[in-house]
$ cat input.cif   # mmCIF, C-alpha atoms
data_model
loop_
_atom_site.label_atom_id
_atom_site.label_comp_id
_atom_site.auth_asym_id
_atom_site.auth_seq_id
_atom_site.Cartn_x
_atom_site.Cartn_y
_atom_site.Cartn_z
CA MET A 1 152.66 57.15 147.82
CA LEU A 2 151.79 57.38 151.51
CA THR A 3 149.55 60.17 152.71
CA THR A 4 150.53 62.40 155.64
CA ASP A 5 148.41 60.47 158.15
CA LEU A 6 150.31 57.25 157.34
CA ILE A 7 153.85 58.57 157.88
CA ARG A 8 155.82 56.89 160.70
CA VAL A 9 158.99 58.76 161.76
CA SER A 10 161.20 59.36 164.76
CA GLN A 11 162.95 62.61 165.68
CA LYS A 12 166.50 62.58 166.98
CA GLY A 13 167.58 66.13 167.65
CA GLU A 14 167.11 67.97 164.38
CA SER A 15 167.08 64.77 162.35
CA ILE A 16 163.99 63.00 161.01
CA GLU A 17 164.28 59.23 160.59
CA PRO A 18 161.56 57.10 158.97
CA ARG A 19 160.54 54.12 161.09
CA TYR A 20 161.33 51.45 158.54
CA ILE A 21 159.84 47.99 158.95
CA LYS A 22 161.94 44.84 159.25
CA LEU A 23 161.62 42.83 156.06
CA ASP A 24 162.30 39.42 157.61
CA LYS A 25 159.37 39.31 160.05
CA PRO A 26 157.21 36.26 159.14
CA LYS A 27 154.02 37.81 160.58
CA LEU A 28 154.48 40.96 158.48
CA LEU A 29 155.13 38.95 155.32
CA ALA A 30 152.01 36.89 156.03
CA LYS A 31 149.95 40.05 156.54
CA ALA A 32 151.28 41.47 153.28
CA GLU A 33 150.26 38.27 151.49
CA ARG A 34 146.72 38.50 152.94
CA LEU A 35 146.38 42.10 151.77
CA ILE A 36 147.64 41.22 148.29
CA GLU A 37 145.25 38.27 148.10
CA ALA A 38 142.35 40.53 149.09
CA TYR A 39 143.02 42.83 146.14
CA ARG A 40 143.70 39.91 143.80
CA SER A 41 140.46 38.12 144.70
CA HIS A 42 138.26 41.21 144.47
CA VAL A 43 138.99 42.11 140.85
CA GLY A 44 135.56 42.70 139.31
CA ASN A 45 133.93 43.54 142.67
CA PRO A 46 132.83 46.88 144.18
CA ARG A 47 135.38 48.82 146.17
CA GLY A 48 133.13 48.87 149.22
CA VAL A 49 133.21 45.08 149.44
CA LEU A 50 137.01 45.13 149.26
CA GLU A 51 137.23 47.83 151.93
CA GLU A 52 135.15 45.73 154.34
CA GLU A 53 137.56 42.80 153.99
CA LEU A 54 140.55 45.13 154.41
CA LYS A 55 139.09 46.35 157.71
CA ASP A 56 138.93 42.77 158.95
CA ILE A 57 142.54 42.11 157.90
CA ILE A 58 143.99 45.35 159.28
CA GLY A 59 142.08 45.26 162.55
CA ASP A 60 143.05 47.65 165.35
CA GLY A 61 146.37 46.19 166.49
CA THR A 62 149.51 48.15 167.27
CA ASP A 63 150.71 47.89 163.65
CA PHE A 64 147.51 49.18 162.05
CA LEU A 65 149.36 52.19 160.54
CA VAL A 66 151.74 49.83 158.74
CA GLN A 67 148.80 47.73 157.50
CA ARG A 68 146.96 50.80 156.27
CA GLY A 69 150.13 51.98 154.54
CA LEU A 70 150.54 48.64 152.77
CA ALA A 71 146.89 48.74 151.72
CA LYS A 72 147.38 52.28 150.37
CA LEU A 73 150.32 51.14 148.24
CA LEU A 74 148.21 48.28 146.88
CA ALA A 75 145.41 50.73 146.10
CA ASP A 76 147.92 52.72 144.05
CA ARG A 77 148.49 49.58 141.97
CA SER A 78 144.76 49.18 141.36
CA ASN A 79 142.45 50.66 138.77
CA PHE A 80 138.92 51.40 139.93
CA VAL A 81 136.30 52.33 137.35
CA VAL A 82 132.67 53.35 137.18
CA ILE A 83 130.68 50.67 135.41
CA SER A 84 127.21 51.93 134.67
CA PRO A 85 124.83 51.44 131.71
CA LEU A 86 123.45 54.93 132.36
CA SER A 87 124.90 58.25 133.46
CA PRO A 88 124.45 58.29 137.26
CA VAL A 89 124.25 62.09 137.41
CA GLU A 90 121.62 62.36 134.67
CA LEU A 91 119.71 59.40 136.09
CA ARG A 92 119.56 60.93 139.58
CA ARG A 93 118.21 64.15 138.10
CA LYS A 94 115.36 62.24 136.43
CA VAL A 95 114.63 60.23 139.59
CA PHE A 96 114.53 63.37 141.75
CA GLU A 97 112.20 65.08 139.26
CA ALA A 98 109.91 62.04 139.23
CA THR A 99 109.97 61.87 143.03
CA ALA A 100 109.00 65.53 143.34
CA GLN A 101 105.83 64.89 141.33
CA VAL A 102 104.56 62.22 143.75
CA HIS A 103 106.14 63.45 147.01
CA PRO A 104 106.19 62.05 149.61
CA VAL A 105 107.37 58.60 148.59
CA ALA A 106 106.53 55.88 151.08
CA GLN A 107 108.72 53.03 152.18
CA ILE A 108 105.59 51.04 152.95
CA PRO A 109 102.47 52.11 151.01
CA ASP A 110 99.39 53.09 153.02
CA LEU A 111 95.97 54.58 152.32
CA HIS A 112 97.33 58.12 151.69
CA HIS A 113 100.81 57.40 150.31
CA GLN A 114 100.86 54.55 147.85
CA THR A 115 103.84 55.43 145.67
CA THR A 116 107.05 53.66 146.68
CA ARG A 117 110.70 54.08 145.71
CA GLU A 118 110.40 51.04 143.46
CA ASP A 119 107.43 52.59 141.69
CA VAL A 120 109.46 55.75 140.94
CA LEU A 121 112.44 53.77 139.64
CA ARG A 122 110.25 51.58 137.46
CA GLY A 123 108.58 54.67 136.01
CA VAL A 124 111.97 56.21 135.15
CA ALA A 125 113.11 52.89 133.66
CA GLU A 126 110.02 52.79 131.43
CA GLU A 127 110.57 56.39 130.35
CA LEU A 128 114.21 55.67 129.42
CA GLY A 129 113.43 52.31 127.82
CA VAL A 130 115.70 50.33 130.12
CA THR A 131 115.20 47.69 132.80
CA PHE A 132 114.53 48.38 136.44
CA GLU A 133 117.76 46.53 137.26
CA ALA A 134 119.76 48.91 135.03
CA VAL A 135 118.33 51.92 136.86
CA GLU A 136 119.02 50.34 140.26
CA ALA A 137 122.62 49.50 139.30
CA SER A 138 123.35 52.94 137.81
CA LEU A 139 121.77 55.26 140.35
CA TYR A 140 124.80 55.53 142.64
CA ALA A 141 127.46 53.79 140.54
CA ASP A 142 129.71 56.87 140.68
CA LEU A 143 130.07 56.78 144.48
CA GLN A 144 133.48 55.53 145.63
CA ASP A 145 132.21 52.39 147.35
CA ALA A 146 130.49 51.36 144.11
CA TYR A 147 133.62 51.69 141.96
CA ILE A 148 134.63 48.37 140.42
CA LEU A 149 138.17 47.05 140.84
CA GLU A 150 138.99 46.57 137.15
CA THR A 151 142.67 45.59 137.33
CA PHE A 152 145.33 44.99 139.99
CA GLU A 153 149.09 45.01 139.30
CA GLU A 154 150.57 41.99 141.07
CA ILE A 155 153.46 42.30 143.53
CA GLU A 156 155.26 39.84 145.78
CA PRO A 157 154.94 40.28 149.58
CA GLU A 158 158.65 41.00 150.11
CA ALA A 159 158.65 43.53 147.26
CA LEU A 160 155.63 45.23 148.85
CA LEU A 161 157.51 45.61 152.13
CA HIS A 162 160.46 47.12 150.25
CA ARG A 163 158.07 49.55 148.54
CA TYR A 164 156.65 50.52 151.94
CA ASN A 165 160.06 51.51 153.31
CA LEU A 166 160.79 53.48 150.16
CA ALA A 167 157.39 55.17 150.39
CA LEU A 168 158.17 56.29 153.97
CA ALA A 169 161.34 58.03 152.78
CA GLN A 170 159.49 59.54 149.82
CA ALA A 171 156.76 60.89 152.10
CA VAL A 172 159.37 62.71 154.21
CA LEU A 173 160.58 64.53 151.08
CA PHE A 174 157.17 66.14 150.68
CA ARG A 175 158.35 68.48 153.49
CA ALA A 176 161.72 69.28 151.89
CA SER A 177 162.78 72.85 151.19
CA ARG A 178 166.05 71.72 149.58
CA MET A 179 167.83 68.49 148.71
CA GLN A 180 171.58 68.14 148.20
CA VAL A 181 173.10 65.04 146.66
CA TRP A 182 176.82 64.33 146.59
CA LEU A 183 177.90 61.76 143.98
CA ARG A 184 181.39 60.40 144.55
CA ASN A 185 183.37 60.09 141.32
CA PRO A 186 180.25 59.10 139.36
CA ASP A 187 180.27 56.97 136.26
CA ALA A 188 179.23 58.95 133.17
CA LYS A 189 176.33 56.69 132.36
CA ARG A 190 175.00 56.77 135.91
CA LEU A 191 175.28 60.53 136.01
CA LYS A 192 173.60 60.91 132.65
CA GLN A 193 170.78 58.60 133.76
CA LEU A 194 170.28 60.58 136.96
CA MET A 195 170.23 63.93 135.18
CA ARG A 196 167.66 62.55 132.74
CA TYR A 197 165.43 61.78 135.74
CA VAL A 198 166.00 65.30 137.12
CA LYS A 199 164.79 66.67 133.81
CA PHE A 200 161.96 64.13 133.43
CA PHE A 201 160.49 65.09 136.81
CA ARG A 202 161.00 68.79 136.03
CA LEU A 203 162.98 69.47 139.17
CA ILE A 204 164.64 72.83 139.72
CA ALA A 205 168.26 71.79 140.06
CA ALA A 206 171.84 72.99 139.79
CA ALA A 207 174.89 70.74 139.39
CA GLU A 208 178.56 71.48 139.98
CA TYR A 209 181.86 69.65 140.39
CA GLU A 210 183.75 69.38 143.65
CA GLY A 211 186.97 67.76 142.51
CA ASP A 212 185.95 64.41 141.02
CA ASP A 213 182.62 64.50 142.88
CA VAL A 214 179.37 66.08 141.76
CA LEU A 215 177.01 68.13 143.91
CA ILE A 216 173.40 68.35 142.76
CA THR A 217 171.19 70.85 144.58
CA ILE A 218 167.44 70.54 144.09
CA ASP A 219 164.74 72.93 145.30
CA GLY A 220 162.14 71.17 147.44
CA PRO A 221 158.35 71.48 147.39
CA MET A 222 158.35 73.60 150.58
CA SER A 223 160.37 76.26 148.71
CA MET A 224 157.63 76.62 146.09
CA PHE A 225 154.96 79.30 146.37
CA ARG A 226 152.76 77.42 143.92
CA PHE A 227 152.37 73.80 142.77
CA GLY A 228 153.94 72.54 146.01
CA GLN A 229 151.94 69.30 146.14
CA LYS A 230 152.60 68.38 142.52
CA TYR A 231 156.27 69.30 142.82
CA GLY A 232 156.52 67.25 146.03
CA LEU A 233 155.24 64.22 144.17
CA GLN A 234 157.88 64.80 141.48
CA MET A 235 160.69 65.06 144.04
CA ALA A 236 159.47 61.93 145.82
CA SER A 237 159.37 60.11 142.48
CA PHE A 238 163.02 61.11 141.92
CA LEU A 239 164.28 59.18 144.97
CA PRO A 240 164.14 55.69 143.35
CA ALA A 241 166.33 57.07 140.55
CA LEU A 242 168.94 58.19 143.07
CA LEU A 243 168.97 54.69 144.59
CA LEU A 244 170.31 53.34 141.28
CA CYS A 245 173.60 55.22 141.78
CA GLU A 246 176.55 53.52 143.47
CA SER A 247 178.14 56.00 145.84
CA TRP A 248 176.21 58.99 147.11
CA THR A 249 175.04 60.96 150.11
CA MET A 250 171.80 62.92 150.38
CA ARG A 251 170.87 65.69 152.80
CA ALA A 252 167.33 67.09 152.67
CA GLU A 253 166.40 70.23 154.59
CA LEU A 254 162.83 69.97 155.88
CA LEU A 255 160.16 72.26 157.25
CA TRP A 256 158.43 69.83 159.61
CA ASP A 257 154.91 69.68 161.05
CA GLU A 258 152.43 72.57 161.12
CA ARG A 259 154.98 74.89 162.74
CA ARG A 260 157.46 74.28 159.92
CA GLU A 261 160.28 73.51 162.30
CA PRO A 262 163.65 73.14 160.51
CA ARG A 263 164.73 69.49 160.38
CA VAL A 264 167.09 67.38 158.24
CA PHE A 265 166.80 63.98 156.61
CA TYR A 266 169.88 61.97 155.62
CA LEU A 267 170.25 59.03 153.24
CA ASP A 268 173.23 57.42 151.56
CA SER A 269 174.07 54.60 149.19
CA ASP A 270 174.50 52.17 152.11
CA CYS A 271 170.81 52.37 153.00
CA ALA A 272 168.65 49.27 152.58
CA LEU A 273 166.09 50.97 150.33
CA LYS A 274 165.53 49.35 146.94
CA SER A 275 164.58 51.06 143.71
CA HIS A 276 161.87 49.62 141.49
CA TYR A 277 162.95 51.67 138.46
CA PRO A 278 164.58 49.85 135.52
CA ASP A 279 168.36 50.14 135.78
CA LYS A 280 169.95 51.06 132.46
CA GLY A 281 172.72 53.16 133.93
CA VAL A 282 175.59 50.79 133.16
CA TYR A 283 174.12 49.42 129.94
CA LEU A 284 176.45 49.57 126.95
CA THR A 285 174.86 49.67 123.52
CA ASP A 286 176.23 47.44 120.79
CA GLU A 287 177.65 50.54 119.09
CA GLU A 288 179.55 51.59 122.21
CA GLU A 289 180.88 48.09 122.87
CA HIS A 290 182.13 47.97 119.28
CA LEU A 291 183.77 51.40 119.67
CA ARG A 292 185.63 50.38 122.84
CA LYS A 293 186.75 47.07 121.37
CA ARG A 294 187.99 48.53 118.08
CA TRP A 295 189.71 51.44 119.82
CA GLY A 296 191.69 49.00 121.93
CA GLN A 297 192.68 47.01 118.83
CA LEU A 298 193.91 49.99 116.81
CA LYS A 299 197.18 51.78 117.54
CA LEU A 300 195.85 55.32 117.57
CA GLU A 301 197.64 58.32 119.04
CA TRP A 302 194.47 59.28 120.87
CA ASP A 303 193.35 57.54 124.06
CA LEU A 304 189.67 56.93 124.72
CA VAL A 305 189.11 57.76 128.43
CA PRO A 306 185.70 57.34 130.17
CA SER A 307 184.44 60.59 131.66
CA SER A 308 181.52 61.97 133.66
CA ARG A 309 182.13 65.68 133.14
CA MET A 310 179.00 67.80 133.08
CA LEU A 311 178.46 70.74 130.76
CA ARG A 312 175.67 73.25 131.32
CA MET A 313 173.74 73.89 128.14
CA GLY A 314 171.86 77.08 128.88
CA SER A 315 169.77 77.56 132.00
CA ARG A 316 167.88 74.24 131.97
CA ASP A 317 169.86 71.48 130.25
CA VAL A 318 173.02 69.60 131.09
CA ALA A 319 175.23 67.47 128.83
CA VAL A 320 177.36 64.67 130.26
CA VAL A 321 180.62 63.90 128.47
CA ASP A 322 180.94 60.14 127.95
CA TYR A 323 184.61 60.07 126.87
CA ARG A 324 187.68 62.25 126.72
CA LEU A 325 189.85 61.82 123.63
CA VAL A 326 193.34 62.56 124.97
CA HIS A 327 196.50 63.14 122.90
CA PRO A 328 200.04 62.72 124.34
CA ASP A 329 200.77 66.39 123.57
CA GLY A 330 198.06 67.46 126.06
CA ARG A 331 195.24 68.21 123.68
CA GLU A 332 191.73 66.95 124.46
CA ALA A 333 188.40 66.55 122.69
CA TRP A 334 185.22 65.55 124.50
CA LEU A 335 182.72 63.03 123.16
CA GLU A 336 179.02 62.75 123.98
CA LEU A 337 177.06 59.76 122.67
CA LEU A 338 173.50 60.86 122.01
CA GLY A 339 172.03 57.42 121.31
CA PHE A 340 168.37 57.05 120.40
CA TRP A 341 166.72 60.41 120.91
CA HIS A 342 163.65 61.88 119.25
CA ARG A 343 164.50 64.02 116.26
CA GLU A 344 163.21 67.15 118.01
CA SER A 345 165.46 66.49 121.01
CA LEU A 346 168.47 65.93 118.77
CA LEU A 347 167.87 69.17 116.92
CA ARG A 348 167.54 70.99 120.25
CA ARG A 349 170.87 69.54 121.45
CA ILE A 350 172.52 70.63 118.17
CA GLU A 351 171.16 74.13 118.72
CA GLN A 352 172.56 74.07 122.28
CA ILE A 353 175.99 73.12 120.94
CA ARG A 354 175.81 76.13 118.63
CA GLU A 355 174.99 78.47 121.50
CA TYR A 356 176.70 76.99 124.57
CA GLY A 357 178.82 73.99 123.68
CA PRO A 358 182.63 74.22 123.89
CA SER A 359 184.28 74.03 120.50
CA HIS A 360 186.16 70.83 121.43
CA LEU A 361 182.93 68.88 122.13
CA ILE A 362 182.00 66.19 119.60
CA VAL A 363 178.57 64.57 119.62
CA ALA A 364 178.07 61.19 117.97
CA LEU A 365 174.60 60.34 116.72
CA SER A 366 173.06 57.72 114.47
CA SER A 367 171.70 58.63 111.06
CA LYS A 368 168.79 56.33 111.92
CA MET A 369 167.48 59.20 114.03
CA ARG A 370 166.32 60.96 110.86
CA VAL A 371 168.89 63.73 110.88
CA SER A 372 171.18 64.72 108.03
CA GLU A 373 174.30 66.80 107.60
CA ASP A 374 172.12 69.68 106.44
CA ASP A 375 170.85 70.00 110.02
CA PHE A 376 174.31 70.92 111.35
CA SER A 377 176.35 72.05 108.35
CA ASP A 378 177.69 75.09 110.27
CA ILE A 379 179.13 72.90 113.06
CA SER A 380 179.87 69.78 111.01
CA ASP A 381 183.30 69.36 112.64
CA GLN A 382 181.58 68.83 116.03
CA VAL A 383 178.95 66.32 114.93
CA TYR A 384 179.90 62.78 114.00
CA LEU A 385 177.06 61.11 112.08
CA TYR A 386 177.37 57.33 111.77
CA LYS A 387 175.16 54.72 110.15
CA ASP A 388 175.70 51.40 111.92
CA VAL A 389 178.90 51.59 114.00
CA MET A 390 181.26 54.31 115.18
CA HIS A 391 184.70 54.15 113.54
CA PRO A 392 187.61 55.05 115.87
CA LYS A 393 189.76 56.45 113.05
CA ARG A 394 187.06 58.91 112.01
CA LEU A 395 186.53 60.03 115.59
CA ALA A 396 190.29 60.50 115.97
CA GLU A 397 190.29 62.60 112.80
CA ARG A 398 187.45 64.69 114.20
CA ALA A 399 189.42 65.11 117.45
CA GLU A 400 192.39 66.44 115.44
CA GLU A 401 190.09 69.15 114.06
CA VAL A 402 188.53 70.39 117.31
CA ALA A 403 190.89 69.41 120.18
CA GLN A 404 192.36 71.99 122.53
CA LYS A 405 195.00 72.01 125.22
CA LEU A 406 193.14 72.17 128.54
#
$ encode --input "input.cif" --output "C-alpha cells"
Amino acid sequence: MLTTDLIRVSQKGESIEPRYIKLDKPKLLAKAERLIEAYRSHVGNPRGVLEEELKDIIGDGTDFLVQRGLAKLLADRSNFVVISPLSPVELRRKVFEATAQVHPVAQIPDLHHQTTREDVLRGVAEELGVTFEAVEASLYADLQDAYILETFEEIEPEALLHRYNLALAQAVLFRASRMQVWLRNPDAKRLKQLMRYVKFFRLIAAAEYEGDDVLITIDGPMSMFRFGQKYGLQMASFLPALLLCESWTMRAELLWDERREPRVFYLDSDCALKSHYPDKGVYLTDEEEHLRKRWGQLKLEWDLVPSSRMLRMGSRDVAVVDYRLVHPDGREAWLELLGFWHRESLLRRIEQIREYGPSHLIVALSSKMRVSEDDFSDISDQVYLYKDVMHPKRLAERAEEVAQKL
C-alpha cells in the first residue's frame, strides 16, 4: 500500500482523481526494472545498503514521488529480518554496564584514559563466551538499517506499474466515509465471490436489489470511531476483488485532507486498473458441469435457471442463490451450491437456514464435507446431500417438496 505522503491526485470540483501513470512509457518501465533489480540483487544484504542504492536510482527528478511509490510497493513484497547471534537489547545492556565501570571510554587511548570501545566489547565477548565479531555484529542488529533482506517476491516491471495505479486508487479509499457499488445484472458466481470478499475483509455492508441490479453499500474507514486505520486497509484490500466483476460502478464519499472536506471518487468496470487476485468467479466445478449437462439431457418438468438472487441470513451473512428451479405452473424452488466449506461453516449455514432461510430454499452439499443427515434431520427436505455428483431427478423431487408459487 502507498502511504499518505506518496499519494498523487488531482481535484476537479468535488471529485478526486488519482494521477495514474502511463504504462507504455519506456523510461518508466526501465526505472521499474532498475528498482526490481536493486531488491533482487540485495537479498542477503542489510537494508541500509539497499536504501543507499535506491536513493541513487530515485534521484530528485520530477517523478521522484512515483519512484518512491514503486520502491514502497517493492518493500511490501520483501521480508526483512533481524539476524543476530545474540539478543541486541540484552547485549547493549551488558555493554552499557561495562562502559559505566570504566567511564569515560576513549576513542584514542592516552595517559589518563586507556580503555577503548574495542576493549569494552572484547571484555563483554569474553564474559559471554562469544567472539568479538559476534558482539560487533549483534550490538545494533535490530536497527532498521541493519535488517537483512531475507526474501523478495519477484514481479515483472509492467505488473509493478499496474500495481502502482491500483495502489493509488486504494490509498484514496483510506479517506472514504462510504462506498456504494452498483452491479449490473451480476452473475451468481461473481456476486457470491464478491460477497465472500466483503465478509473476508470484515466490511460493514448492506446489499439490496434494484431490479436486476445489486447495490452494495459499505461503511468507510472515516465513518469509524475506532480501528479506522485497520478498517481502511481492509476496504482498500477489497478493491481488487471488485475489479474481478464484469459490469459495475463505484462511488466513494470521501472526507479529504486535514479539513475533512467532502469529496467523491468514482470508478467503474471500464477503468484500466487490473486485479492481482485469483479469479475463480466464473469457475464451474466438475459437479456443477455434470449437473448442467445431465439436466439438459433429461426431459424434466423443472427448468434449471441461473440466478444471482441474494438472501440475507441474519444481520451479518448473505446467501446467493445459484439456480432457480422453475415449474411451468409457476412454482419455484431456489438452489444454493455450498461446495467445499469447512464443517463449522456448513453447520452455521444449516443453522441459518433453520432461522432465516425461506422454506423453498434447497442447499446442495457434498458428504465429503464430513456432515451427515443427523446434522439437519429437522430440515432434511431443504438439504440435498450428495456423494460424488448431483442427480437432477433427485433435485427435481426435492423441488416438488418445497417449491412455492412466487
$ residues_around --input "input.cif" --residues "Val82 in chain A" --least-positions-apart "5" --cutoff "7 Å" --atoms "only C-alpha atoms" --output "MDAnalysis selection string"
chainID A and resid 141:142 147:148
$ residues_around --input "input.cif" --residues "Val135 in chain A" --least-positions-apart "6" --cutoff "9 Å" --atoms "all atoms listed in the file" --output "list in words"
Pro85, Leu86, Pro88, Leu91, Leu121, Arg122, Val124 and Ala125 of chain A
$ residues_near_point --input "input.cif" --point "(164.3, 65.7, 109.1)" --cutoff "10 Å" --atoms "only C-alpha atoms" --output "list in words"
Arg343, Glu344, Leu347, Met369, Arg370, Val371, Ser372, Asp374 and Asp375 of chain A
$ write_last_selection --input "input.cif" --atoms "C-alpha atoms" --output "PDB file, keeping the file's coordinate frame"
ATOM      1  CA  ARG A 343     164.500  64.020 116.260  1.00  0.00           C
ATOM      2  CA  GLU A 344     163.210  67.150 118.010  1.00  0.00           C
ATOM      3  CA  LEU A 347     167.870  69.170 116.920  1.00  0.00           C
ATOM      4  CA  MET A 369     167.480  59.200 114.030  1.00  0.00           C
ATOM      5  CA  ARG A 370     166.320  60.960 110.860  1.00  0.00           C
ATOM      6  CA  VAL A 371     168.890  63.730 110.880  1.00  0.00           C
ATOM      7  CA  SER A 372     171.180  64.720 108.030  1.00  0.00           C
ATOM      8  CA  ASP A 374     172.120  69.680 106.440  1.00  0.00           C
ATOM      9  CA  ASP A 375     170.850  70.000 110.020  1.00  0.00           C
TER      10      ASP A 375
END
$ atom_distance --input "input.cif" --atom1 "CA of Met179 in chain A" --atom2 "CA of Glu253 in chain A"
6.3 Å
$ atom_distance --input "input.cif" --atom1 "CA of Arg324 in chain A" --atom2 "CA of Leu203 in chain A"
28.6 Å
$ residues_near_point --input "input.cif" --point "(164.5, 68.2, 132.9)" --cutoff "12 Å" --atoms "all atoms listed in the file" --output "JSON, numbers by chain"
{"A": [192, 193, 194, 195, 196, 197, 198, 199, 200, 201, 202, 203, 204, 205, 206, 218, 234, 238, 313, 315, 316, 317, 318, 319]}
$ write_last_selection --input "input.cif" --atoms "C-alpha atoms" --output "PDB file, keeping the file's coordinate frame"
ATOM      1  CA  LYS A 192     173.600  60.910 132.650  1.00  0.00           C
ATOM      2  CA  GLN A 193     170.780  58.600 133.760  1.00  0.00           C
ATOM      3  CA  LEU A 194     170.280  60.580 136.960  1.00  0.00           C
ATOM      4  CA  MET A 195     170.230  63.930 135.180  1.00  0.00           C
ATOM      5  CA  ARG A 196     167.660  62.550 132.740  1.00  0.00           C
ATOM      6  CA  TYR A 197     165.430  61.780 135.740  1.00  0.00           C
ATOM      7  CA  VAL A 198     166.000  65.300 137.120  1.00  0.00           C
ATOM      8  CA  LYS A 199     164.790  66.670 133.810  1.00  0.00           C
ATOM      9  CA  PHE A 200     161.960  64.130 133.430  1.00  0.00           C
ATOM     10  CA  PHE A 201     160.490  65.090 136.810  1.00  0.00           C
ATOM     11  CA  ARG A 202     161.000  68.790 136.030  1.00  0.00           C
ATOM     12  CA  LEU A 203     162.980  69.470 139.170  1.00  0.00           C
ATOM     13  CA  ILE A 204     164.640  72.830 139.720  1.00  0.00           C
ATOM     14  CA  ALA A 205     168.260  71.790 140.060  1.00  0.00           C
ATOM     15  CA  ALA A 206     171.840  72.990 139.790  1.00  0.00           C
ATOM     16  CA  ILE A 218     167.440  70.540 144.090  1.00  0.00           C
ATOM     17  CA  GLN A 234     157.880  64.800 141.480  1.00  0.00           C
ATOM     18  CA  PHE A 238     163.020  61.110 141.920  1.00  0.00           C
ATOM     19  CA  MET A 313     173.740  73.890 128.140  1.00  0.00           C
ATOM     20  CA  SER A 315     169.770  77.560 132.000  1.00  0.00           C
ATOM     21  CA  ARG A 316     167.880  74.240 131.970  1.00  0.00           C
ATOM     22  CA  ASP A 317     169.860  71.480 130.250  1.00  0.00           C
ATOM     23  CA  VAL A 318     173.020  69.600 131.090  1.00  0.00           C
ATOM     24  CA  ALA A 319     175.230  67.470 128.830  1.00  0.00           C
TER      25      ALA A 319
END
$ resolve_selection --input "input.cif" --expression "the PyMOL selection byres ((chain A and resi 263) around 8)" --output "PyMOL selection string"
chain A and resi 14-16+253-256+261-262+264-265
$ closest_residue --input "input.cif" --among "A:Asp119, A:Glu158, A:Asp76, A:Glu90" --to "Lys25 in chain A" --atoms "all atoms listed in the file"
A:Glu158
$ closest_residue --input "input.cif" --among "A:Ala167, A:Ile58, A:Ile379, A:Leu335" --to "Leu365 in chain A" --atoms "only C-alpha atoms"
A:Leu335
$ closest_residue --input "input.cif" --among "A:Gly314, A:Gly296, A:Gly330, A:Gly357" --to "Lys393 in chain A" --atoms "all atoms listed in the file"
A:Gly296
$ residues_around --input "input.cif" --residues "Val389 in chain A" --least-positions-apart "2" --cutoff "9 Å" --atoms "all atoms listed in the file" --output "list in words"
Asp286, Glu287, Glu288, His290, Leu291, Ser366, Tyr386, Lys387 and His391 of chain A
$ resolve_selection --input "input.cif" --expression "the PyMOL selection byres ((chain A and resi 381) around 10)" --output "list in words"
Ser359, His360, Leu361, Ile362, Val363, Phe376, Ser377, Asp378, Ile379, Ser380, Gln382, Val383, Tyr384, Glu397, Arg398, Ala399, Glu400, Glu401 and Val402 of chain A
